[in-house]
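Colleague: Structure: protein_11.cif, mmCIF, C-alpha atoms and all ligand atoms.
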data_coords
loop_
_atom_site.label_atom_id
_atom_site.label_comp_id
_atom_site.auth_asym_id
_atom_site.auth_seq_id
_atom_site.Cartn_x
_atom_site.Cartn_y
_atom_site.Cartn_z
CA MET A 1 177.10 76.36 35.99
CA LEU A 2 174.91 77.87 38.67
CA LEU A 3 177.67 77.52 41.24
CA HIS A 4 180.21 79.05 38.87
CA SER A 5 178.19 82.23 38.45
CA GLY A 6 177.14 82.37 42.10
CA PHE A 7 179.10 82.42 45.35
CA GLY A 8 179.77 78.67 45.31
CA PHE A 9 180.66 76.55 48.31
CA LEU A 10 184.40 77.15 47.97
CA ILE A 11 184.02 80.90 47.76
CA VAL A 12 181.77 80.89 50.80
CA GLU A 13 184.37 78.81 52.64
CA ASN A 14 187.00 81.41 51.66
CA ILE A 15 184.88 84.28 52.95
CA ARG A 16 184.48 82.43 56.21
CA LYS A 17 188.20 81.74 56.49
CA ASN A 18 189.46 85.15 55.39
CA SER A 19 187.10 87.58 57.05
CA LYS A 20 188.58 89.10 60.16
CA THR A 21 185.56 88.59 62.37
CA ARG A 22 185.30 86.90 65.75
CA PHE A 23 181.71 85.68 65.46
CA ILE A 24 179.79 87.24 62.54
CA GLY A 25 179.83 84.80 59.61
CA ARG A 26 182.02 82.25 61.40
CA GLN A 27 179.23 79.80 60.56
CA ILE A 28 177.73 80.19 57.10
CA HIS A 29 174.90 78.03 55.79
CA TYR A 30 174.86 78.44 52.04
CA PHE A 31 172.09 77.42 49.60
CA THR A 32 171.85 77.72 45.84
CA GLU A 33 168.05 77.97 46.26
CA LEU A 34 165.94 78.48 49.35
CA GLY A 35 162.44 79.63 50.28
CA SER A 36 163.67 82.36 52.62
CA THR A 37 166.94 82.75 54.55
CA GLN A 38 164.93 84.63 57.17
CA GLU A 39 162.48 81.82 57.82
CA LEU A 40 165.28 79.25 58.01
CA ALA A 41 167.30 81.45 60.37
CA ILE A 42 164.29 81.91 62.67
CA TYR A 43 163.66 78.17 62.60
CA MET A 44 167.30 77.49 63.46
CA ALA A 45 167.37 80.05 66.26
CA GLU A 46 164.17 78.58 67.71
CA ASN A 47 165.07 74.92 67.38
CA ASN A 48 168.78 74.48 66.98
CA SER A 49 171.25 75.25 69.71
CA GLU A 50 173.99 75.24 67.05
CA ALA A 51 172.65 78.54 65.73
CA VAL A 52 175.39 80.40 67.55
CA ASN A 53 175.68 84.19 67.73
CA GLY A 54 176.69 85.45 64.29
CA THR A 55 175.47 82.48 62.24
CA ALA A 56 174.72 83.54 58.65
CA ILE A 57 172.30 81.98 56.18
CA LEU A 58 173.01 82.87 52.56
CA ALA A 59 171.11 81.99 49.40
CA GLU A 60 171.72 82.54 45.69
CA GLN A 61 167.97 82.78 45.08
CA GLN A 62 164.85 82.78 47.24
CA ASP A 63 161.40 81.89 46.02
CA LYS A 64 159.60 83.01 49.18
CA GLY A 65 161.68 86.04 50.13
CA ARG A 66 159.91 88.14 52.76
CA GLY A 67 159.98 91.92 52.99
CA ARG A 68 158.74 94.32 55.67
CA LEU A 69 155.02 94.58 56.40
CA LYS A 70 154.42 91.09 54.97
CA SER A 71 155.44 92.14 51.46
CA ARG A 72 157.09 89.76 49.03
CA TRP A 73 160.81 90.24 48.41
CA ILE A 74 161.83 89.27 44.88
CA SER A 75 165.20 87.55 45.14
CA PRO A 76 166.64 86.42 41.79
CA GLN A 77 170.20 85.31 41.02
CA GLY A 78 172.82 88.04 41.44
CA GLY A 79 171.68 89.46 44.78
CA ILE A 80 172.99 89.01 48.28
CA TRP A 81 170.17 87.38 50.28
CA LEU A 82 171.39 87.01 53.79
CA SER A 83 170.08 86.52 57.32
CA ILE A 84 172.26 86.80 60.42
CA ILE A 85 171.30 85.34 63.80
CA VAL A 86 172.50 87.43 66.74
CA LYS A 87 172.06 87.06 70.48
CA PRO A 88 172.82 90.49 71.88
CA PRO A 89 172.68 91.09 75.62
CA MET A 90 170.40 94.11 75.27
CA PRO A 91 166.96 95.34 76.31
CA ALA A 92 164.19 94.70 73.79
CA SER A 93 163.55 98.46 73.61
CA LYS A 94 166.92 98.95 71.90
CA SER A 95 166.43 96.20 69.33
CA PRO A 96 165.42 98.54 66.42
CA LEU A 97 169.03 99.71 66.56
CA LEU A 98 170.07 96.29 65.27
CA SER A 99 168.62 97.12 61.87
CA PHE A 100 170.34 100.54 61.97
CA THR A 101 173.55 98.64 62.67
CA ALA A 102 173.02 96.46 59.61
CA ALA A 103 172.05 99.48 57.49
CA LEU A 104 175.21 101.29 58.53
CA ALA A 105 177.36 98.25 57.76
CA VAL A 106 175.80 97.96 54.28
CA CYS A 107 176.34 101.70 53.60
CA GLU A 108 179.96 101.57 54.78
CA THR A 109 180.61 98.53 52.61
CA ILE A 110 179.12 100.28 49.58
CA ASP A 111 181.27 103.36 50.37
CA GLN A 112 184.43 101.32 50.64
CA LEU A 113 183.97 99.12 47.57
CA THR A 114 182.26 101.44 45.11
CA SER A 115 182.13 105.06 44.06
CA LEU A 116 178.43 105.25 44.95
CA GLU A 117 176.87 107.36 47.67
CA SER A 118 174.39 105.46 49.83
CA LYS A 119 171.62 107.02 51.90
CA VAL A 120 169.12 105.69 54.44
CA LYS A 121 165.39 105.99 54.08
CA TRP A 122 164.06 105.58 57.63
CA PRO A 123 163.69 103.11 59.11
CA ASN A 124 166.06 100.97 57.13
CA ASP A 125 166.03 101.06 53.35
CA ILE A 126 169.30 101.84 51.62
CA LEU A 127 168.99 104.13 48.63
CA ILE A 128 171.38 105.06 45.87
CA ASN A 129 170.46 107.99 43.66
CA HIS A 130 167.08 108.01 45.44
CA LYS A 131 166.32 104.40 44.50
CA LYS A 132 166.16 101.40 46.82
CA VAL A 133 169.09 99.04 46.52
CA CYS A 134 168.78 97.18 49.83
CA GLY A 135 166.09 96.34 52.35
CA ILE A 136 166.53 95.18 55.92
CA LEU A 137 164.13 93.05 57.91
CA LEU A 138 164.40 92.58 61.66
CA ASP A 139 162.73 89.78 63.60
CA VAL A 140 163.24 89.82 67.35
CA ALA A 141 162.41 87.20 69.96
CA THR A 142 162.26 88.50 73.52
CA LYS A 143 162.37 86.95 76.98
CA GLY A 144 160.90 89.37 79.50
CA ASP A 145 162.25 92.75 78.50
CA ARG A 146 165.49 91.34 77.01
CA VAL A 147 166.34 90.22 73.49
CA GLU A 148 166.62 86.43 73.32
CA TYR A 149 167.73 86.42 69.71
CA ALA A 150 167.28 88.56 66.62
CA VAL A 151 167.42 87.66 62.95
CA ILE A 152 168.57 90.46 60.69
CA GLY A 153 167.61 89.90 57.06
CA ILE A 154 169.60 91.84 54.50
CA GLY A 155 168.53 91.86 50.86
CA ILE A 156 170.93 93.63 48.52
CA ASN A 157 170.21 93.99 44.81
CA ALA A 158 173.92 93.64 44.13
CA ASN A 159 174.25 92.35 40.57
CA VAL A 160 170.54 91.81 40.07
CA ASP A 161 169.17 92.47 36.63
CA ILE A 162 166.43 94.97 37.56
CA GLU A 163 164.28 93.78 34.65
CA LYS A 164 163.76 90.58 36.64
CA ILE A 165 162.21 92.51 39.53
CA LEU A 166 160.11 95.13 37.73
CA PRO A 167 157.33 92.79 36.54
CA TYR A 168 156.50 92.11 40.19
CA LEU A 169 156.17 95.78 41.13
CA ASP A 170 153.43 98.34 40.51
CA ASP A 171 154.27 100.55 37.53
CA SER A 172 154.42 103.53 39.90
CA LYS A 173 157.32 101.86 41.76
CA HIS A 174 159.49 101.10 38.72
CA SER A 175 161.68 104.15 39.16
CA ASP A 176 162.11 103.45 42.88
CA VAL A 177 164.36 100.38 42.71
CA THR A 178 167.84 99.73 41.49
CA SER A 179 170.84 97.44 41.89
CA LEU A 180 174.48 98.23 42.54
CA LYS A 181 175.26 96.95 39.04
CA ASN A 182 172.63 99.24 37.56
CA GLU A 183 174.11 102.27 39.32
CA LEU A 184 177.64 101.23 38.28
CA SER A 185 176.64 101.36 34.58
CA GLY A 186 176.52 97.59 34.23
CA LYS A 187 179.72 96.75 36.11
CA SER A 188 179.27 93.86 38.55
CA VAL A 189 180.43 94.03 42.15
CA LYS A 190 182.46 91.13 43.51
CA ARG A 191 179.90 89.71 45.89
CA SER A 192 182.37 87.61 47.86
CA ALA A 193 184.50 90.72 48.65
CA PHE A 194 181.31 92.60 49.48
CA LEU A 195 180.13 89.92 51.87
CA LYS A 196 183.50 89.58 53.61
CA LEU A 197 183.65 93.32 54.24
CA LEU A 198 179.98 93.44 55.21
CA PHE A 199 180.58 90.85 57.93
CA GLU A 200 183.55 92.87 59.21
CA ARG A 201 181.72 96.21 59.20
CA PHE A 202 178.66 94.66 60.78
CA GLU A 203 180.70 93.14 63.60
CA LEU A 204 182.40 96.49 64.30
CA CYS A 205 179.07 98.32 64.43
CA TYR A 206 177.47 95.54 66.49
CA ASP A 207 180.33 95.65 69.01
CA ARG A 208 179.97 99.42 69.22
CA LEU A 209 176.24 99.08 69.88
CA GLN A 210 176.97 96.93 72.94
CA LYS A 211 179.11 99.69 74.49
CA GLU A 212 177.52 102.13 76.89
CA ASP A 213 177.94 105.15 74.60
CA GLY A 214 177.43 103.07 71.44
CA SER A 215 173.77 103.76 70.62
CA PRO A 216 174.12 107.53 70.05
CA ILE A 217 177.13 106.92 67.81
CA ILE A 218 175.21 104.49 65.59
CA VAL A 219 172.11 106.72 65.62
CA ASN A 220 174.11 109.82 64.65
CA LYS A 221 175.84 108.00 61.82
CA ILE A 222 172.43 106.97 60.46
CA LYS A 223 171.11 110.51 60.96
CA ASP A 224 173.95 111.84 58.80
CA ARG A 225 172.82 109.54 56.00
CA LEU A 226 169.07 110.19 56.10
CA GLU A 227 167.65 110.80 52.65
CA TYR A 228 164.81 113.14 53.60
CA ASN A 229 164.49 116.39 55.53
CA SER A 230 160.73 116.57 55.46
CA VAL A 231 158.41 113.62 55.35
CA ILE A 232 154.90 112.31 55.23
CA ILE A 233 154.67 109.11 57.23
CA GLU A 234 151.82 106.66 56.84
CA GLN A 235 150.74 104.66 59.86
CA GLY A 236 147.76 102.66 58.60
CA ASN A 237 145.18 105.32 57.78
CA LYS A 238 146.90 107.99 59.87
CA THR A 239 149.51 110.31 58.37
CA ILE A 240 152.11 112.43 60.12
CA GLU A 241 153.71 115.27 58.22
CA GLY A 242 156.62 117.50 59.10
CA ALA A 243 160.35 118.06 59.25
CA ILE A 244 162.79 115.50 60.66
CA ILE A 245 164.49 117.11 63.63
CA GLY A 246 166.25 114.11 65.08
CA LEU A 247 166.49 110.40 65.74
CA GLY A 248 165.88 108.96 69.20
CA VAL A 249 168.36 106.53 70.78
CA ASP A 250 165.73 103.82 70.26
CA GLY A 251 165.69 104.57 66.53
CA SER A 252 162.44 106.54 66.48
CA LEU A 253 162.09 109.55 64.23
CA LEU A 254 161.49 112.95 65.80
CA ILE A 255 159.20 115.07 63.65
CA LYS A 256 158.32 118.72 63.99
CA GLN A 257 154.79 118.91 62.61
CA ASN A 258 153.53 121.83 60.59
CA ASP A 259 151.56 123.15 63.60
CA GLY A 260 154.83 123.45 65.53
CA SER A 261 154.32 120.44 67.80
CA SER A 262 156.86 117.61 67.97
CA VAL A 263 156.06 113.93 67.72
CA GLU A 264 158.11 110.74 68.06
CA VAL A 265 157.41 108.14 65.39
CA SER A 266 158.55 104.57 65.97
CA PHE A 267 156.87 102.85 63.01
CA GLY A 268 155.38 103.67 59.63
CA GLU A 269 156.33 104.13 56.01
CA ILE A 270 157.77 107.30 54.56
CA ARG A 271 155.86 108.52 51.52
CA THR A 272 157.56 111.53 49.99
CA ARG A 273 160.56 112.42 47.96
CA ASP A 274 161.13 115.89 49.44
CA ARG A 275 164.73 116.38 50.44
C1 LIG B 301 162.24 95.20 53.02
O1 LIG B 301 161.04 95.00 52.85
O2 LIG B 301 162.78 96.24 52.64
C2 LIG B 301 163.12 94.16 53.70
C3 LIG B 301 163.61 93.14 52.72
C4 LIG B 301 164.47 92.06 53.36
C5 LIG B 301 164.82 90.98 52.38
C6 LIG B 301 165.80 90.01 52.95
S1 LIG B 301 166.57 88.99 51.72
C7 LIG B 301 167.27 88.01 52.96
C8 LIG B 301 166.22 87.83 54.03
N1 LIG B 301 165.34 86.71 53.69
C9 LIG B 301 164.08 87.12 53.49
O3 LIG B 301 163.13 86.36 53.20
N2 LIG B 301 164.00 88.45 53.61
C10 LIG B 301 165.27 89.03 53.98
#
Please go through the file and, once you have read it, give me the structure as structure tokens.

Modeller:
Amino acid sequence: MLLHSGFGFLIVENIRKNSKTRFIGRQIHYFTELGSTQELAIYMAENNSEAVNGTAILAEQQDKGRGRLKSRWISPQGGIWLSIIVKPPMPASKSPLLSFTAALAVCETIDQLTSLESKVKWPNDILINHKKVCGILLDVATKGDRVEYAVIGIGINANVDIEKILPYLDDSKHSDVTSLKNELSGKSVKRSAFLKLLFERFELCYDRLQKEDGSPIIVNKIKDRLEYNSVIIEQGNKTIEGAIIGLGVDGSLLIKQNDGSSVEVSFGEIRTRDR
């Protein structure tokens, strides 16, 4: 029963066979239940030489899903809980662009398969109608100043029943999350079609990133989708406030502060809904 309502081994095999990718999702490790696809992917990349570039780990449910900043990621049935191992020949300084690449691929997949408009909340949340529908988690291992491998975790509340997530969130956050199904007035998305296209879009964006002029293209595409014009960013107990004036080629946010000075922000959490 669980397999019938989920992806199922055969469906996963079909995605693998039918998607037009060269390396992303050529190997898929599929689980009906798992602690965390991210932790398994990191373990595989560290210990298993068979974790080739593009290997995907996919789970129907996770009971130890991990979000950014050590938060818990609630991962019930109906979502797409995915981690992709990549081994890009790139400097570590460019690695934040890998999560932009994944964010762009998710947005383009949503655009192509649904009528919904997706936006990016820097650094890499995907929002629909101002609510979070997808989070991206990037873990990077470096050797010297190069990337050895990266694991890109993608958590999409595809057909998730939001009521299953809300009890785990502060009341103040209840209006901040959604699922694709929720935004499509209860209509489910076909997750296998979504995943197949996501692999294809991700590979295209990833290939582009490797090209010499690729980073600005990816960065500009993300910039066009940014949700906010003016922001308050929290960095521990420090806050930075101002207008977004650009995105650096390393993925950092360029802010013009209220005193007229400019500052480059490479980490932090946006706290504001001003657009
Ligand atoms: C965030 O905090 O916004 C990032 C959430 C990332 C969740 C995904 S689900 C698949 C992968 N496995 C995990 O344990 N986390 C990531």

Colleague: Please check which protein, DNA or RNA residues sit within 10 Å of ligand LIG 301 (chain B), counting all atoms listed in the file, and write them as a ChimeraX atom specification.

Modeller: /A:34-41,57-59,61-75,79-84,123-126,132-139,151-157

Colleague: Write out as a ChimeraX atom specification which residues come within 10 Å of Lys20 (chain A) when counting only C-alpha atoms, dropping same-chain ones fewer than 5 positions away.

Modeller: /A:15,25-26,196-197,199-201,203

Colleague: How about saving the chosen residues, C-alpha atoms kept, as a PDB file, in the coordinates of the input?

Modeller:
ATOM      1  CA  ILE A  15     184.880  84.280  52.950  1.00  0.00           C
ATOM      2  CA  GLY A  25     179.830  84.800  59.610  1.00  0.00           C
ATOM      3  CA  ARG A  26     182.020  82.250  61.400  1.00  0.00           C
ATOM      4  CA  LYS A 196     183.500  89.580  53.610  1.00  0.00           C
ATOM      5  CA  LEU A 197     183.650  93.320  54.240  1.00  0.00           C
ATOM      6  CA  PHE A 199     180.580  90.850  57.930  1.00  0.00           C
ATOM      7  CA  GLU A 200     183.550  92.870  59.210  1.00  0.00           C
ATOM      8  CA  ARG A 201     181.720  96.210  59.200  1.00  0.00           C
ATOM      9  CA  GLU A 203     180.700  93.140  63.600  1.00  0.00           C
TER      10      GLU A 203
END

Colleague: Between A:Arg271, A:Lys87, A:Arg16, A:Arg225, which residue has the minimum interatomic distance to Arg146 (chain A), considering only C-alpha atoms?

Modeller: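 Looking at the shortest contact to Arg146 (chain A), the residue is A:Lys87.
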
Colleague: Do you have the CA of Leu247 (chain A)-CA of Ser93 (chain A) distance handy?

Modeller: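 Interatomic distance here is 14.6 Å.
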
Colleague: Please report the interatomic distance between CA of Ile218 (chain A) and CA of Ile110 (chain A) in Å with one decimal.

Modeller: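 Answer for the CA of Ile218 (chain A) to CA of Ile110 (chain A) separation: 17.0 Å.
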
Colleague: Using all atoms listed in the file, which residues of region 146-240 of chain A come within 9 Å of region 259-267 of chain A, and what is the closest atom pair for each, with the distance in Å to one decimal? Give it as a tab-separated table, sorted by chain and residue number.

Modeller:
residue	atom	partner	partner_atom	distance
A:Ile233	CA	A:Val265	CA	8.7
A:Glu234	CA	A:Phe267	CA	8.8
A:Gln235	CA	A:Phe267	CA	7.1
A:Ile240	CA	A:Val265	CA	8.6

Colleague: A:Tyr228, A:Trp122, A:Phe100, A:Tyr43: which is nearest Phe202 (chain A), counting only C-alpha atoms?

Modeller: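 Comparing A:Tyr228, A:Trp122, A:Phe100, A:Tyr43 against Phe202 (chain A), the winner is A:Phe100.
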
Colleague: I'd like to know which of A:Thr178, A:Thr101, A:Thr109, A:Ser172 is closest to Val219 (chain A), using only C-alpha atoms.

Modeller: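 Counting only C-alpha atoms, the residue closest to Val219 (chain A) is A:Thr101.
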
Colleague: Which value, in Å to one decimal, gives the distance between CA of Lys256 (chain A) and CA of Lys223 (chain A)?

Modeller: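 Straight-line distance from CA of Lys256 (chain A) to CA of Lys223 (chain A) works out to 15.5 Å.
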
Colleague: Counting all atoms listed in the file, figure out which residue out of A:Val189, A:Val160, A:Ala92, A:Ile28 gets nearest to Asp145 (chain A).

Modeller: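 For Asp145 (chain A), the nearest of the given residues is A:Ala92.
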